[in-house]
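Asks: Input file: run_6.cif. Contents: mmCIF, C-alpha atoms, pLDDT in the B column; chains and numbers go by the auth columns.
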```cif
data_entry
#
loop_
_atom_site.group_PDB
_atom_site.id
_atom_site.type_symbol
_atom_site.label_atom_id
_atom_site.label_comp_id
_atom_site.label_asym_id
_atom_site.label_seq_id
_atom_site.Cartn_x
_atom_site.Cartn_y
_atom_site.Cartn_z
_atom_site.B_iso_or_equiv
_atom_site.auth_seq_id
_atom_site.auth_asym_id
ATOM 1 C CA MET A 1 46.114 49.817 33.666 55.00 293 D
ATOM 2 C CA LEU A 2 43.471 52.404 34.551 55.00 294 D
ATOM 3 C CA GLU A 3 42.969 53.337 30.887 68.00 295 D
ATOM 4 C CA LYS A 4 42.577 49.657 29.985 68.00 296 D
ATOM 5 C CA ASN A 5 39.920 49.184 32.676 70.00 297 D
ATOM 6 C CA ASN A 6 38.153 52.359 31.530 83.00 298 D
ATOM 7 C CA ALA A 7 38.108 51.103 27.938 84.00 299 D
ATOM 8 C CA LYS A 8 36.609 47.817 29.088 84.00 300 D
ATOM 9 C CA MET A 9 34.008 49.611 31.210 87.00 301 D
ATOM 10 C CA ILE A 10 33.071 51.950 28.353 88.00 302 D
ATOM 11 C CA GLN A 11 32.657 49.007 25.972 87.00 303 D
ATOM 12 C CA GLU A 12 30.454 47.156 28.460 90.00 304 D
ATOM 13 C CA ILE A 13 28.243 50.228 28.867 90.00 305 D
ATOM 14 C CA LYS A 14 28.020 50.644 25.081 90.00 306 D
ATOM 15 C CA ASP A 15 27.040 46.997 24.706 90.00 307 D
ATOM 16 C CA VAL A 16 24.293 47.335 27.309 92.00 308 D
ATOM 17 C CA ILE A 17 22.862 50.520 25.775 91.00 309 D
ATOM 18 C CA LEU A 18 23.025 49.288 22.175 88.00 310 D
ATOM 19 C CA SER A 19 21.450 45.990 23.152 87.00 311 D
ATOM 20 C CA SER A 20 18.673 47.823 24.991 88.00 312 D
ATOM 21 C CA ARG A 21 18.054 50.147 22.057 83.00 313 D
ATOM 22 C CA LYS A 22 17.816 47.184 19.711 82.00 314 D
ATOM 23 C CA LYS A 23 15.333 45.497 22.039 84.00 315 D
ATOM 24 C CA VAL A 24 13.265 48.682 22.307 84.00 316 D
ATOM 25 C CA ALA A 25 13.224 49.092 18.505 82.00 317 D
ATOM 26 C CA TYR A 26 12.131 45.467 18.156 83.00 318 D
ATOM 27 C CA GLU A 27 9.323 45.916 20.678 88.00 319 D
ATOM 28 C CA VAL A 28 8.183 49.208 19.144 87.00 320 D
ATOM 29 C CA ASN A 29 8.049 47.674 15.668 89.00 321 D
ATOM 30 C CA ASN A 30 6.219 44.590 16.918 89.00 322 D
ATOM 31 C CA THR A 31 3.704 46.701 18.843 91.00 323 D
ATOM 32 C CA MET A 32 3.170 49.030 15.868 92.00 324 D
ATOM 33 C CA LEU A 33 2.478 46.159 13.479 93.00 325 D
ATOM 34 C CA LYS A 34 -0.049 44.660 15.898 94.00 326 D
ATOM 35 C CA ALA A 35 -1.720 48.049 16.427 94.00 327 D
ATOM 36 C CA TYR A 36 -2.046 48.728 12.691 94.00 328 D
ATOM 37 C CA TRP A 37 -3.346 45.185 12.150 96.00 329 D
ATOM 38 C CA HIS A 38 -6.050 45.798 14.758 95.00 330 D
ATOM 39 C CA VAL A 39 -6.937 49.160 13.192 95.00 331 D
ATOM 40 C CA GLY A 40 -7.429 47.338 9.897 94.00 332 D
ATOM 41 C CA ARG A 41 -9.539 44.695 11.631 93.00 333 D
ATOM 42 C CA ILE A 42 -11.794 47.307 13.228 93.00 334 D
ATOM 43 C CA ILE A 43 -12.304 49.070 9.891 92.00 335 D
ATOM 44 C CA VAL A 44 -13.147 45.836 8.051 90.00 336 D
ATOM 45 C CA GLU A 45 -15.477 44.585 10.776 89.00 337 D
ATOM 46 C CA ASN A 46 -17.336 47.904 10.762 87.00 338 D
ATOM 47 C CA GLU A 47 -17.717 47.520 7.013 82.00 339 D
ATOM 48 C CA GLN A 48 -19.526 44.243 7.697 73.00 340 D
ATOM 49 C CA ASN A 49 -16.472 42.489 6.226 62.00 341 D
ATOM 50 C CA GLY A 50 -16.604 44.507 3.045 59.00 342 D
ATOM 51 C CA ASN A 51 -20.351 44.205 2.442 64.00 343 D
ATOM 52 C CA ILE A 52 -20.931 47.931 2.046 66.00 344 D
ATOM 53 C CA LYS A 53 -20.734 50.129 -1.026 68.00 345 D
ATOM 54 C CA ALA A 54 -17.241 51.215 -2.031 68.00 346 D
ATOM 55 C CA GLU A 55 -18.171 54.908 -2.151 73.00 347 D
ATOM 56 C CA TYR A 56 -19.624 54.764 1.356 72.00 348 D
ATOM 57 C CA GLY A 57 -16.478 53.006 2.548 77.00 349 D
ATOM 58 C CA LYS A 58 -14.265 55.776 1.128 83.00 350 D
ATOM 59 C CA GLN A 59 -16.364 58.405 2.861 87.00 351 D
ATOM 60 C CA VAL A 60 -16.097 56.537 6.168 88.00 352 D
ATOM 61 C CA LEU A 61 -12.286 56.482 5.844 92.00 353 D
ATOM 62 C CA LYS A 62 -12.217 60.215 5.138 92.00 354 D
ATOM 63 C CA GLU A 63 -14.254 60.970 8.248 93.00 355 D
ATOM 64 C CA LEU A 64 -12.223 58.505 10.300 94.00 356 D
ATOM 65 C CA SER A 65 -8.961 60.031 9.111 93.00 357 D
ATOM 66 C CA LYS A 66 -10.167 63.542 9.936 94.00 358 D
ATOM 67 C CA GLU A 67 -11.053 62.601 13.511 94.00 359 D
ATOM 68 C CA LEU A 68 -7.987 60.461 14.213 93.00 360 D
ATOM 69 C CA ARG A 69 -5.566 63.074 12.901 91.00 361 D
ATOM 70 C CA LYS A 70 -6.944 65.598 15.382 91.00 362 D
ATOM 71 C CA THR A 71 -5.684 63.573 18.326 90.00 363 D
ATOM 72 C CA LEU A 72 -3.233 60.997 16.933 88.00 364 D
ATOM 73 C CA GLY A 73 -1.335 62.946 14.285 85.00 365 D
ATOM 74 C CA SER A 74 -0.666 62.758 10.558 83.00 366 D
ATOM 75 C CA GLY A 75 0.050 59.013 10.565 86.00 367 D
ATOM 76 C CA PHE A 76 -3.645 58.362 10.021 91.00 368 D
ATOM 77 C CA SER A 77 -4.166 59.780 6.558 92.00 369 D
ATOM 78 C CA VAL A 78 -6.731 58.155 4.290 92.00 370 D
ATOM 79 C CA SER A 79 -3.982 56.358 2.369 92.00 371 D
ATOM 80 C CA ASN A 80 -2.465 54.958 5.577 93.00 372 D
ATOM 81 C CA LEU A 81 -5.854 53.782 6.784 94.00 373 D
ATOM 82 C CA GLN A 82 -6.351 52.073 3.433 93.00 374 D
ATOM 83 C CA TYR A 83 -3.011 50.297 3.937 94.00 375 D
ATOM 84 C CA MET A 84 -4.049 49.205 7.429 94.00 376 D
ATOM 85 C CA ARG A 85 -7.347 47.912 6.089 94.00 377 D
ATOM 86 C CA ARG A 86 -5.609 45.923 3.392 94.00 378 D
ATOM 87 C CA PHE A 87 -2.953 44.817 5.887 96.00 379 D
ATOM 88 C CA TYR A 88 -5.648 42.996 7.843 95.00 380 D
ATOM 89 C CA LEU A 89 -7.333 41.595 4.725 93.00 381 D
ATOM 90 C CA GLU A 90 -4.085 40.225 3.299 95.00 382 D
ATOM 91 C CA TYR A 91 -2.780 38.936 6.645 95.00 383 D
ATOM 92 C CA PRO A 92 -5.940 37.846 8.510 93.00 384 D
ATOM 93 C CA LYS A 93 -3.856 35.723 10.914 93.00 385 D
ATOM 94 C CA GLN A 94 -1.794 38.053 13.059 92.00 386 D
ATOM 95 C CA GLN A 95 0.724 35.346 13.910 91.00 387 D
ATOM 96 C CA THR A 96 1.846 35.212 10.266 91.00 388 D
ATOM 97 C CA LEU A 97 3.345 38.710 10.536 93.00 389 D
ATOM 98 C CA SER A 98 7.118 38.893 10.737 92.00 390 D
ATOM 99 C CA VAL A 99 8.679 41.182 13.345 87.00 391 D
ATOM 100 C CA LYS A 100 11.741 41.299 11.082 90.00 392 D
ATOM 101 C CA LEU A 101 9.785 43.522 8.710 93.00 393 D
ATOM 102 C CA SER A 102 8.823 47.125 9.379 92.00 394 D
ATOM 103 C CA TRP A 103 5.549 48.823 8.530 93.00 395 D
ATOM 104 C CA SER A 104 7.336 50.423 5.557 92.00 396 D
ATOM 105 C CA HIS A 105 8.265 46.931 4.313 94.00 397 D
ATOM 106 C CA TYR A 106 4.649 45.827 4.502 96.00 398 D
ATOM 107 C CA CYS A 107 3.400 48.958 2.713 94.00 399 D
ATOM 108 C CA GLU A 108 5.722 48.137 -0.194 95.00 400 D
ATOM 109 C CA LEU A 109 4.649 44.498 -0.189 96.00 401 D
ATOM 110 C CA LEU A 110 0.956 45.407 -0.096 95.00 402 D
ATOM 111 C CA SER A 111 1.390 47.288 -3.365 93.00 403 D
ATOM 112 C CA ILE A 112 2.080 43.932 -5.054 94.00 404 D
ATOM 113 C CA GLU A 113 -1.138 42.362 -6.345 93.00 405 D
ATOM 114 C CA ASN A 114 0.257 38.944 -7.345 92.00 406 D
ATOM 115 C CA ILE A 115 0.335 36.677 -4.266 92.00 407 D
ATOM 116 C CA ASP A 116 3.261 34.515 -5.421 88.00 408 D
ATOM 117 C CA LYS A 117 5.251 37.602 -6.298 90.00 409 D
ATOM 118 C CA ARG A 118 4.508 39.231 -2.932 94.00 410 D
ATOM 119 C CA ASN A 119 5.384 36.054 -1.044 91.00 411 D
ATOM 120 C CA PHE A 120 8.661 35.809 -2.933 88.00 412 D
ATOM 121 C CA TYR A 121 9.725 39.335 -2.004 91.00 413 D
ATOM 122 C CA GLU A 122 8.471 38.951 1.555 93.00 414 D
ATOM 123 C CA LYS A 123 10.512 35.789 2.154 89.00 415 D
ATOM 124 C CA GLU A 124 13.601 37.316 0.556 87.00 416 D
ATOM 125 C CA CYS A 125 13.230 40.438 2.738 90.00 417 D
ATOM 126 C CA ILE A 126 13.191 38.247 5.833 90.00 418 D
ATOM 127 C CA ASN A 127 15.890 35.754 4.859 86.00 419 D
ATOM 128 C CA SER A 128 18.258 38.198 3.162 84.00 420 D
ATOM 129 C CA ASN A 129 17.600 41.022 5.616 85.00 421 D
ATOM 130 C CA TRP A 130 16.658 43.484 2.887 87.00 422 D
ATOM 131 C CA SER A 131 16.155 47.100 3.848 88.00 423 D
ATOM 132 C CA VAL A 132 13.126 48.931 2.439 90.00 424 D
ATOM 133 C CA ARG A 133 15.476 50.618 -0.016 90.00 425 D
ATOM 134 C CA GLU A 134 16.789 47.255 -1.203 88.00 426 D
ATOM 135 C CA LEU A 135 13.257 45.879 -1.539 90.00 427 D
ATOM 136 C CA LYS A 136 12.342 48.861 -3.721 90.00 428 D
ATOM 137 C CA ARG A 137 15.466 48.310 -5.835 87.00 429 D
ATOM 138 C CA GLN A 138 14.628 44.659 -6.426 86.00 430 D
ATOM 139 C CA LEU A 139 11.038 45.569 -7.315 89.00 431 D
ATOM 140 C CA GLU A 140 12.163 48.266 -9.733 87.00 432 D
ATOM 141 C CA THR A 141 14.529 45.852 -11.472 82.00 433 D
ATOM 142 C CA SER A 142 11.750 43.205 -11.673 84.00 434 D
ATOM 143 C CA LEU A 143 13.791 40.449 -10.036 81.00 435 D
ATOM 144 C CA PHE A 144 10.813 38.086 -9.740 83.00 436 D
ATOM 145 C CA GLU A 145 9.794 38.483 -13.393 84.00 437 D
ATOM 146 C CA ARG A 146 13.369 38.172 -14.657 76.00 438 D
ATOM 147 C CA LEU A 147 13.845 34.931 -12.774 75.00 439 D
ATOM 148 C CA LEU A 148 10.589 33.554 -14.157 74.00 440 D
ATOM 149 C CA LEU A 149 11.622 34.498 -17.690 71.00 441 D
ATOM 150 C CA SER A 150 14.888 32.611 -17.320 64.00 442 D
ATOM 151 C CA GLU A 151 14.899 29.427 -19.337 55.00 443 D
ATOM 152 C CA GLY A 152 14.232 26.091 -17.736 53.00 444 D
ATOM 153 C CA LYS A 153 11.350 24.524 -15.859 57.00 445 D
ATOM 154 C CA LYS A 154 13.521 23.849 -12.812 59.00 446 D
ATOM 155 C CA ASN A 155 14.370 27.532 -12.488 60.00 447 D
ATOM 156 C CA LYS A 156 10.694 28.514 -12.496 58.00 448 D
ATOM 157 C CA GLU A 157 9.948 25.825 -9.912 63.00 449 D
ATOM 158 C CA LYS A 158 12.765 27.229 -7.760 62.00 450 D
ATOM 159 C CA VAL A 159 11.261 30.731 -7.906 60.00 451 D
ATOM 160 C CA TYR A 160 7.881 29.467 -6.697 55.00 452 D
ATOM 161 C CA GLU A 161 9.633 27.441 -4.005 60.00 453 D
ATOM 162 C CA LEU A 162 11.327 30.643 -2.809 57.00 454 D
ATOM 163 C CA ALA A 163 7.932 32.338 -2.780 51.00 455 D
ATOM 164 C CA LYS A 164 6.600 29.685 -0.410 54.00 456 D
ATOM 165 C CA ILE A 165 9.492 28.955 1.955 53.00 457 D
ATOM 166 C CA GLY A 166 12.225 31.454 1.159 49.00 458 D
ATOM 167 C CA GLN A 167 15.861 30.639 0.583 48.00 459 D
ATOM 168 C CA THR A 168 17.094 27.545 2.424 45.00 460 D
ATOM 169 C CA LEU A 169 20.755 26.585 2.344 40.00 461 D
ATOM 170 C CA ASN A 170 21.362 23.038 3.538 41.00 462 D
ATOM 171 C CA THR A 171 24.928 22.638 2.267 43.00 463 D
ATOM 172 C CA PRO A 172 27.669 25.063 1.103 40.00 464 D
ATOM 173 C CA LEU A 173 27.047 23.975 -2.479 42.00 465 D
ATOM 174 C CA ASP A 174 23.444 25.207 -2.316 42.00 466 D
ATOM 175 C CA VAL A 175 24.556 28.826 -2.601 38.00 467 D
ATOM 176 C CA LEU A 176 25.862 28.030 -6.083 36.00 468 D
ATOM 177 C CA LYS A 177 22.543 26.603 -7.235 42.00 469 D
ATOM 178 C CA GLU A 178 20.576 29.846 -6.901 42.00 470 D
ATOM 179 C CA PRO A 179 19.638 31.593 -10.177 42.00 471 D
ATOM 180 C CA TYR A 180 21.385 34.968 -10.478 44.00 472 D
ATOM 181 C CA VAL A 181 20.521 37.565 -13.089 45.00 473 D
ATOM 182 C CA PHE A 182 23.292 40.052 -13.814 47.00 474 D
ATOM 183 C CA GLU A 183 21.254 42.695 -15.641 46.00 475 D
ATOM 184 C CA PHE A 184 23.527 45.487 -14.445 46.00 476 D
ATOM 185 C CA LEU A 185 26.508 43.957 -16.279 49.00 477 D
ATOM 186 C CA GLY A 186 24.924 44.390 -19.675 52.00 478 D
ATOM 187 C CA VAL A 187 25.398 40.673 -20.369 51.00 479 D
ATOM 188 C CA LYS A 188 22.693 39.339 -22.651 51.00 480 D
ATOM 189 C CA GLU A 189 21.006 36.095 -21.635 47.00 481 D
ATOM 190 C CA ASN A 190 22.302 32.998 -23.463 49.00 482 D
ATOM 191 C CA LYS A 191 25.273 34.964 -24.823 51.00 483 D
ATOM 192 C CA PRO A 192 28.648 33.217 -24.185 52.00 484 D
ATOM 193 C CA ILE A 193 31.125 35.255 -22.168 53.00 485 D
ATOM 194 C CA LEU A 194 34.748 34.557 -21.263 55.00 486 D
ATOM 195 C CA GLU A 195 35.519 34.102 -17.586 56.00 487 D
ATOM 196 C CA LYS A 196 38.087 36.930 -17.750 60.00 488 D
ATOM 197 C CA ASP A 197 35.542 39.335 -19.245 63.00 489 D
ATOM 198 C CA LEU A 198 32.923 38.358 -16.665 57.00 490 D
ATOM 199 C CA GLU A 199 35.425 38.944 -13.860 61.00 491 D
ATOM 200 C CA GLN A 200 36.228 42.436 -15.163 64.00 492 D
ATOM 201 C CA LYS A 201 32.543 43.331 -15.387 59.00 493 D
ATOM 202 C CA LEU A 202 31.871 42.011 -11.886 56.00 494 D
ATOM 203 C CA VAL A 203 34.735 43.997 -10.350 59.00 495 D
ATOM 204 C CA LYS A 204 33.351 47.174 -11.918 58.00 496 D
ATOM 205 C CA HIS A 205 29.923 46.465 -10.460 55.00 497 D
ATOM 206 C CA ILE A 206 30.899 44.619 -7.273 55.00 498 D
ATOM 207 C CA GLU A 207 28.379 46.346 -5.012 55.00 499 D
ATOM 208 C CA ASP A 208 25.428 45.521 -7.262 55.00 500 D
ATOM 209 C CA PHE A 209 26.787 42.000 -7.692 51.00 501 D
ATOM 210 C CA LEU A 210 26.822 41.379 -3.931 54.00 502 D
ATOM 211 C CA LEU A 211 23.295 42.751 -3.646 56.00 503 D
ATOM 212 C CA GLU A 212 22.161 40.241 -6.274 51.00 504 D
ATOM 213 C CA LEU A 213 23.758 37.377 -4.370 50.00 505 D
ATOM 214 C CA GLY A 214 21.992 38.305 -1.156 53.00 506 D
ATOM 215 C CA LYS A 215 23.129 37.449 2.354 52.00 507 D
ATOM 216 C CA GLY A 216 26.306 35.628 3.295 50.00 508 D
ATOM 217 C CA PHE A 217 28.677 37.122 0.721 50.00 509 D
ATOM 218 C CA MET A 218 31.592 39.519 1.018 50.00 510 D
ATOM 219 C CA PHE A 219 34.272 40.822 -1.349 51.00 511 D
ATOM 220 C CA VAL A 220 37.906 40.039 -0.618 53.00 512 D
ATOM 221 C CA GLY A 221 40.374 41.823 -2.874 53.00 513 D
ATOM 222 C CA THR A 222 43.159 39.894 -4.592 50.00 514 D
#
```
Now, as a test, write the supplied structure out as structure tokens.

Replies:
Amino acid sequence: MLEKNNAKMIQEIKDVILSSRKKVAYEVNNTMLKAYWHVGRIIVENEQNGNIKAEYGKQVLKELSKELRKTLGSGFSVSNLQYMRRFYLEYPKQQTLSVKLSWSHYCELLSIENIDKRNFYEKECINSNWSVRELKRQLETSLFERLLLSEGKKNKEKVYELAKIGQTLNTPLDVLKEPYVFEFLGVKENKPILEKDLEQKLVKHIEDFLLELGKGFMFVGT
């Protein structure tokens, strides 16, 4: 009886600590994003909203980085300050930032020039709970471009819809309507394939397959 009570007590303590750690991590991330946004704002405003020569701006960042690193550490390199500057320029309304994304997520997203493409990956990161590693994987495999190259006007419209609002599933059948691209299977587009052959290829690459599908899927062996 005593061991049972101890097990219950230990689990309750674990739950409290893990919940607190999660809350702290959430608050730290939220505070960091706001701080970096404000750093970007200060830089841009002191550039008269970009109305200074590019070379002078680079020199200012070098001097700023040198001084900040003396007291605040290596996190304020010139490249990081450039990211913070662009962070503010690309997200001028602070309330549009998502606390579900880390600073590392935003640094990856800021490297994407095309707005529709960036919005697509941003929404998918939020809705599918992508890690930074998964975001990089999807970027490296050109998911956005591959979906756009898929045949059919409706498919292209769906991609741009995802870029604006993300993935929305209103009914169970909606999960079957999403366009999936199985590049890792070696299956050529528009090439007929038997269901048995597709199943064998999917089993061999089940992890990549589930990553393509996104959230809400699991593999149950037969």

Asks: If we count all atoms listed in the file, what is near region 362-376 of chain D at a cut-off of 8 Å, once residues fewer than 2 positions away on the same chain are taken out, given as a ChimeraX atom specification?

Replies: /D:328-329,331-332,353-354,357-360,378-380,399,402

Asks: Keeping only C-alpha atoms, write the selected residues to a file as a CSV table (one decimal), in the frame of the given file.

Replies:
```csv
chain,number,residue,atom,x,y,z
D,328,TYR,CA,-2.0,48.7,12.7
D,329,TRP,CA,-3.3,45.2,12.2
D,331,VAL,CA,-6.9,49.2,13.2
D,332,GLY,CA,-7.4,47.3,9.9
D,353,LEU,CA,-12.3,56.5,5.8
D,354,LYS,CA,-12.2,60.2,5.1
D,357,SER,CA,-9.0,60.0,9.1
D,358,LYS,CA,-10.2,63.5,9.9
D,359,GLU,CA,-11.1,62.6,13.5
D,360,LEU,CA,-8.0,60.5,14.2
D,378,ARG,CA,-5.6,45.9,3.4
D,379,PHE,CA,-3.0,44.8,5.9
D,380,TYR,CA,-5.6,43.0,7.8
D,399,CYS,CA,3.4,49.0,2.7
D,402,LEU,CA,1.0,45.4,-0.1
```

Asks: Set the distance at 10 Å and use all atoms listed in the file: which residues neighbour Tyr398 (chain D) once local chain neighbours fewer than 5 positions away are removed? I'd like the list as a PyMOL selection string.

Replies: chain D and resi 325+375-376+379+389-390+393+403+410+414+424

Asks: Residues of the last selection are to be written out with C-alpha atoms, as a PDB file, in the coordinates of the input.

Replies:
```
ATOM      1  CA  LEU D 325       2.478  46.159  13.479  1.00 93.00           C
ATOM      2  CA  TYR D 375      -3.011  50.297   3.937  1.00 94.00           C
ATOM      3  CA  MET D 376      -4.049  49.205   7.429  1.00 94.00           C
ATOM      4  CA  PHE D 379      -2.953  44.817   5.887  1.00 96.00           C
ATOM      5  CA  LEU D 389       3.345  38.710  10.536  1.00 93.00           C
ATOM      6  CA  SER D 390       7.118  38.893  10.737  1.00 92.00           C
ATOM      7  CA  LEU D 393       9.785  43.522   8.710  1.00 93.00           C
ATOM      8  CA  SER D 403       1.390  47.288  -3.365  1.00 93.00           C
ATOM      9  CA  ARG D 410       4.508  39.231  -2.932  1.00 94.00           C
ATOM     10  CA  GLU D 414       8.471  38.951   1.555  1.00 93.00           C
ATOM     11  CA  VAL D 424      13.126  48.931   2.439  1.00 90.00           C
TER      12      VAL D 424
END
```

Asks: Calculated over only C-alpha atoms, which of the candidates D:Val352, D:Phe412, D:Lys392, D:Gln387 has the smallest distance to Val320 (chain D)?

Replies: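 Of D:Val352, D:Phe412, D:Lys392, D:Gln387, the one nearest Val320 (chain D), counting only C-alpha atoms, is D:Lys392.
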
Asks: In Å, with one decimal, what is the gap from CA of Ile335 (chain D) to CA of Glu405 (chain D)?

Replies: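 Computing the Euclidean distance for CA of Ile335 (chain D) and CA of Glu405 (chain D) yields 20.8 Å.
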
Asks: Restricting the calculation to only C-alpha atoms: of D:Arg313, D:Lys409, D:Arg377, D:Lys428, which residue gets closest to Lys350 (chain D)?

Replies: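 When distances to Lys350 (chain D) are compared using only C-alpha atoms, the smallest one comes from D:Arg377.
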
Asks: Just checking: using only C-alpha atoms, which residue out of D:Asp408, D:Thr388, D:His397, D:Asn322 ends up closest to Glu426 (chain D)?

Replies: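 Going through D:Asp408, D:Thr388, D:His397, D:Asn322 one by one, the smallest distance to Glu426 (chain D) is for D:His397.
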
Asks: Mind giving me the straight-line distance from CA of Tyr383 (chain D) to CA of Arg333 (chain D) in Å, one decimal?

Replies: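 CA of Arg333 (chain D) lies at a distance of 10.2 Å from CA of Tyr383 (chain D).
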
Asks: Just how far from CA of Pro384 (chain D) is CA of Gly349 (chain D), in Å to one decimal?

Replies: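 Taking CA of Gly349 (chain D) as the start and CA of Pro384 (chain D) as the end point, the length is 19.4 Å.
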
Asks: Rank nothing, just name the residue among D:Ser394, D:Gln351, D:Met301, D:Glu337 nearest to Glu319 (chain D), using only C-alpha atoms.

Replies: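 That would be D:Ser394, the residue with the smallest distance to Glu319 (chain D).
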